[in-house]
Amino acid sequence: MTRALASLALAWLAGCGANAPTYAGCTDDLDCASASDACYRVLFTRTDGSEADGSFCSLECASDADCPEDGACVALDGDPERRFFCADRCAASADCYAGLACTAVEGADRSMQLCLP
């Protein structure tokens, strides 16, 4: 069971639905297909100092095995509840859904790149 803690900063807020696949951008829970459990809003500071604020369809997880399509189970530093959610792995922003960027993150036990707002 592998879990990563993305050391990006600040917080995240969770905001279930019908059309967008897991890891696609969304504005509310109704945008997300039933495979996702919510439209997750994340707010964080990237390692380059830029701030990001956006939402994507995802689900809660306990390990990477809970995440579809080889996703990673992560939580953001600064989230007081330390909630874990699935994020899509990537090698470049072209691997991500529209509105998301391939972002390098440092975890408690690994480094990776994830599609984040």
# chains A, B, ... in the order shown; residues from 1 in each chain; ligands from 1
>>> residues_around(residues="range 64-73 of chain A", least_positions_apart="4", cutoff="6 Å", atoms="only C-alpha atoms", output="list in words")
Arg3, Phe85, Cys86, Ala87, Asp88 and Arg89 of chain A
>>> write_last_selection(atoms="N, CA, C and O atoms", output="compact mmCIF listing (two decimals), in the first residue's frame")
# COMPACT_ATOMS: atom_id res chain seq x y z
N ARG A 3 1.12 5.40 -0.36
CA ARG A 3 0.41 6.66 -0.35
C ARG A 3 1.45 7.77 -0.38
O ARG A 3 2.48 7.65 0.24
N PHE A 85 -6.85 11.68 -2.11
CA PHE A 85 -7.65 11.62 -3.33
C PHE A 85 -6.76 11.16 -4.48
O PHE A 85 -5.54 11.21 -4.39
N CYS A 86 -7.39 10.68 -5.56
CA CYS A 86 -6.64 10.19 -6.72
C CYS A 86 -6.30 11.33 -7.67
O CYS A 86 -7.12 12.22 -7.90
N ALA A 87 -5.09 11.31 -8.19
CA ALA A 87 -4.65 12.27 -9.21
C ALA A 87 -3.99 11.49 -10.34
O ALA A 87 -3.36 10.45 -10.11
N ASP A 88 -4.16 11.99 -11.55
CA ASP A 88 -3.64 11.33 -12.75
C ASP A 88 -2.15 11.59 -12.90
O ASP A 88 -1.69 12.73 -12.79
N ARG A 89 -1.36 10.55 -13.14
CA ARG A 89 0.07 10.70 -13.39
C ARG A 89 0.28 11.19 -14.82
O ARG A 89 -0.54 10.95 -15.70
>>> select_by_dssp(residues="range 31-113 of chain A", states="strand (DSSP E)", output="ChimeraX atom specification")
/A:38-45,51-58,72-76,85-87,101-106,111-113
>>> residues_around(residues="Leu114 in chain A", least_positions_apart="4", cutoff="10 Å", atoms="only C-alpha atoms", output="list in words")
Ala6, Gly71, Ala72, Val74, Cys86, Ala87, Asp88, Arg89, Cys90, Ala91, Ala92, Ser93, Asp95, Cys96, Leu100, Ala101, Cys102, Thr103, Ala104 and Val105 of chain A
>>> write_last_selection(atoms="C-alpha atoms", output="PDB file, in the first residue's frame")
ATOM      1  CA  ALA A   6       2.218  15.972  -2.121  1.00  0.00           C
ATOM      2  CA  GLY A  71      -3.441   7.201 -10.752  1.00  0.00           C
ATOM      3  CA  ALA A  72      -1.674   8.183  -7.543  1.00  0.00           C
ATOM      4  CA  VAL A  74      -2.161  11.819  -2.635  1.00  0.00           C
ATOM      5  CA  CYS A  86      -6.645  10.191  -6.718  1.00  0.00           C
ATOM      6  CA  ALA A  87      -4.654  12.267  -9.209  1.00  0.00           C
ATOM      7  CA  ASP A  88      -3.643  11.332 -12.751  1.00  0.00           C
ATOM      8  CA  ARG A  89       0.075  10.696 -13.389  1.00  0.00           C
ATOM      9  CA  CYS A  90       1.697  12.379 -16.398  1.00  0.00           C
ATOM     10  CA  ALA A  91       4.960  12.947 -18.232  1.00  0.00           C
ATOM     11  CA  ALA A  92       3.885  16.206 -19.932  1.00  0.00           C
ATOM     12  CA  SER A  93       0.885  18.564 -19.854  1.00  0.00           C
ATOM     13  CA  ASP A  95      -1.095  13.885 -21.068  1.00  0.00           C
ATOM     14  CA  CYS A  96      -3.623  15.844 -18.973  1.00  0.00           C
ATOM     15  CA  LEU A 100      -4.847  20.805 -16.044  1.00  0.00           C
ATOM     16  CA  ALA A 101      -1.046  20.904 -16.157  1.00  0.00           C
ATOM     17  CA  CYS A 102       1.561  18.235 -15.509  1.00  0.00           C
ATOM     18  CA  THR A 103       2.982  19.329 -12.152  1.00  0.00           C
ATOM     19  CA  ALA A 104       6.017  17.946 -10.330  1.00  0.00           C
ATOM     20  CA  VAL A 105       5.267  17.045  -6.717  1.00  0.00           C
TER      21      VAL A 105
END
>>> residues_around(residues="Ala20 in chain A", least_positions_apart="5", cutoff="12 Å", atoms="only C-alpha atoms", output="PyMOL selection string")
chain A and resi 25-39+55-58+97-98
>>> write_last_selection(atoms="N, CA, C and O atoms", output="PDB file, in the first residue's frame")
ATOM      1  N   GLY A  25     -11.467  18.051 -15.758  1.00  0.00           N
ATOM      2  CA  GLY A  25     -11.871  19.256 -15.057  1.00  0.00           C
ATOM      3  C   GLY A  25     -13.376  19.284 -14.817  1.00  0.00           C
ATOM      4  O   GLY A  25     -14.155  18.644 -15.529  1.00  0.00           O
ATOM      5  N   CYS A  26     -13.806  20.028 -13.815  1.00  0.00           N
ATOM      6  CA  CYS A  26     -15.219  20.142 -13.473  1.00  0.00           C
ATOM      7  C   CYS A  26     -15.466  21.458 -12.745  1.00  0.00           C
ATOM      8  O   CYS A  26     -14.517  22.112 -12.297  1.00  0.00           O
ATOM      9  N   THR A  27     -16.730  21.830 -12.635  1.00  0.00           N
ATOM     10  CA  THR A  27     -17.079  23.009 -11.849  1.00  0.00           C
ATOM     11  C   THR A  27     -17.905  22.633 -10.630  1.00  0.00           C
ATOM     12  O   THR A  27     -17.929  23.359  -9.652  1.00  0.00           O
ATOM     13  N   ASP A  28     -18.614  21.484 -10.699  1.00  0.00           N
ATOM     14  CA  ASP A  28     -19.336  20.992  -9.525  1.00  0.00           C
ATOM     15  C   ASP A  28     -19.524  19.481  -9.647  1.00  0.00           C
ATOM     16  O   ASP A  28     -19.201  18.886 -10.669  1.00  0.00           O
ATOM     17  N   ASP A  29     -20.038  18.867  -8.605  1.00  0.00           N
ATOM     18  CA  ASP A  29     -20.179  17.418  -8.550  1.00  0.00           C
ATOM     19  C   ASP A  29     -21.009  16.860  -9.703  1.00  0.00           C
ATOM     20  O   ASP A  29     -20.759  15.749 -10.171  1.00  0.00           O
ATOM     21  N   LEU A  30     -21.991  17.603 -10.183  1.00  0.00           N
ATOM     22  CA  LEU A  30     -22.860  17.122 -11.254  1.00  0.00           C
ATOM     23  C   LEU A  30     -22.124  16.945 -12.575  1.00  0.00           C
ATOM     24  O   LEU A  30     -22.614  16.249 -13.470  1.00  0.00           O
ATOM     25  N   ASP A  31     -20.956  17.546 -12.717  1.00  0.00           N
ATOM     26  CA  ASP A  31     -20.147  17.397 -13.937  1.00  0.00           C
ATOM     27  C   ASP A  31     -19.470  16.031 -14.028  1.00  0.00           C
ATOM     28  O   ASP A  31     -19.072  15.613 -15.102  1.00  0.00           O
ATOM     29  N   CYS A  32     -19.305  15.347 -12.911  1.00  0.00           N
ATOM     30  CA  CYS A  32     -18.489  14.130 -12.855  1.00  0.00           C
ATOM     31  C   CYS A  32     -19.295  12.861 -13.102  1.00  0.00           C
ATOM     32  O   CYS A  32     -20.412  12.720 -12.612  1.00  0.00           O
ATOM     33  N   ALA A  33     -18.693  11.934 -13.831  1.00  0.00           N
ATOM     34  CA  ALA A  33     -19.293  10.621 -14.069  1.00  0.00           C
ATOM     35  C   ALA A  33     -19.399   9.865 -12.749  1.00  0.00           C
ATOM     36  O   ALA A  33     -18.694  10.164 -11.783  1.00  0.00           O
ATOM     37  N   SER A  34     -20.238   8.864 -12.726  1.00  0.00           N
ATOM     38  CA  SER A  34     -20.477   8.133 -11.480  1.00  0.00           C
ATOM     39  C   SER A  34     -19.236   7.413 -10.955  1.00  0.00           C
ATOM     40  O   SER A  34     -19.183   7.051  -9.785  1.00  0.00           O
ATOM     41  N   ALA A  35     -18.228   7.168 -11.804  1.00  0.00           N
ATOM     42  CA  ALA A  35     -16.990   6.526 -11.338  1.00  0.00           C
ATOM     43  C   ALA A  35     -16.231   7.420 -10.356  1.00  0.00           C
ATOM     44  O   ALA A  35     -15.438   6.938  -9.555  1.00  0.00           O
ATOM     45  N   SER A  36     -16.473   8.714 -10.403  1.00  0.00           N
ATOM     46  CA  SER A  36     -15.853   9.655  -9.475  1.00  0.00           C
ATOM     47  C   SER A  36     -16.827   9.913  -8.335  1.00  0.00           C
ATOM     48  O   SER A  36     -18.021   9.797  -8.509  1.00  0.00           O
ATOM     49  N   ASP A  37     -16.300  10.290  -7.173  1.00  0.00           N
ATOM     50  CA  ASP A  37     -17.232  10.576  -6.105  1.00  0.00           C
ATOM     51  C   ASP A  37     -17.405  12.059  -5.837  1.00  0.00           C
ATOM     52  O   ASP A  37     -18.251  12.432  -5.038  1.00  0.00           O
ATOM     53  N   ALA A  38     -16.653  12.916  -6.511  1.00  0.00           N
ATOM     54  CA  ALA A  38     -16.827  14.344  -6.295  1.00  0.00           C
ATOM     55  C   ALA A  38     -15.973  15.168  -7.254  1.00  0.00           C
ATOM     56  O   ALA A  38     -15.041  14.663  -7.865  1.00  0.00           O
ATOM     57  N   CYS A  39     -16.315  16.425  -7.338  1.00  0.00           N
ATOM     58  CA  CYS A  39     -15.499  17.417  -8.029  1.00  0.00           C
ATOM     59  C   CYS A  39     -14.606  18.032  -6.950  1.00  0.00           C
ATOM     60  O   CYS A  39     -15.094  18.723  -6.062  1.00  0.00           O
ATOM     61  N   SER A  55     -10.409  22.680 -10.211  1.00  0.00           N
ATOM     62  CA  SER A  55     -11.159  21.496  -9.800  1.00  0.00           C
ATOM     63  C   SER A  55     -11.072  20.394 -10.839  1.00  0.00           C
ATOM     64  O   SER A  55     -10.962  20.659 -12.035  1.00  0.00           O
ATOM     65  N   PHE A  56     -11.143  19.150 -10.380  1.00  0.00           N
ATOM     66  CA  PHE A  56     -11.209  17.999 -11.274  1.00  0.00           C
ATOM     67  C   PHE A  56     -11.964  16.868 -10.590  1.00  0.00           C
ATOM     68  O   PHE A  56     -12.053  16.813  -9.364  1.00  0.00           O
ATOM     69  N   CYS A  57     -12.532  15.969 -11.404  1.00  0.00           N
ATOM     70  CA  CYS A  57     -13.272  14.821 -10.890  1.00  0.00           C
ATOM     71  C   CYS A  57     -12.288  13.803 -10.313  1.00  0.00           C
ATOM     72  O   CYS A  57     -11.281  13.491 -10.939  1.00  0.00           O
ATOM     73  N   SER A  58     -12.590  13.307  -9.128  1.00  0.00           N
ATOM     74  CA  SER A  58     -11.712  12.330  -8.497  1.00  0.00           C
ATOM     75  C   SER A  58     -12.493  11.538  -7.462  1.00  0.00           C
ATOM     76  O   SER A  58     -13.709  11.642  -7.376  1.00  0.00           O
ATOM     77  N   TYR A  97      -6.009  16.265 -19.035  1.00  0.00           N
ATOM     78  CA  TYR A  97      -7.230  16.847 -19.584  1.00  0.00           C
ATOM     79  C   TYR A  97      -7.077  18.366 -19.671  1.00  0.00           C
ATOM     80  O   TYR A  97      -6.274  18.971 -18.949  1.00  0.00           O
ATOM     81  N   ALA A  98      -7.877  18.987 -20.536  1.00  0.00           N
ATOM     82  CA  ALA A  98      -7.850  20.446 -20.716  1.00  0.00           C
ATOM     83  C   ALA A  98      -8.015  21.148 -19.373  1.00  0.00           C
ATOM     84  O   ALA A  98      -8.810  20.733 -18.524  1.00  0.00           O
TER      85      ALA A  98
END
>>> closest_residue(among="A:Thr22, A:Gln113, A:Val42, A:Asp77", to="Leu59 in chain A", atoms="only C-alpha atoms")
A:Thr22
>>> atom_distance(atom1="CA of Gly54 in chain A", atom2="CA of Pro117 in chain A")
4.9 Å
>>> atom_distance(atom1="CA of Gly99 in chain A", atom2="CA of Glu81 in chain A")
26.3 Å
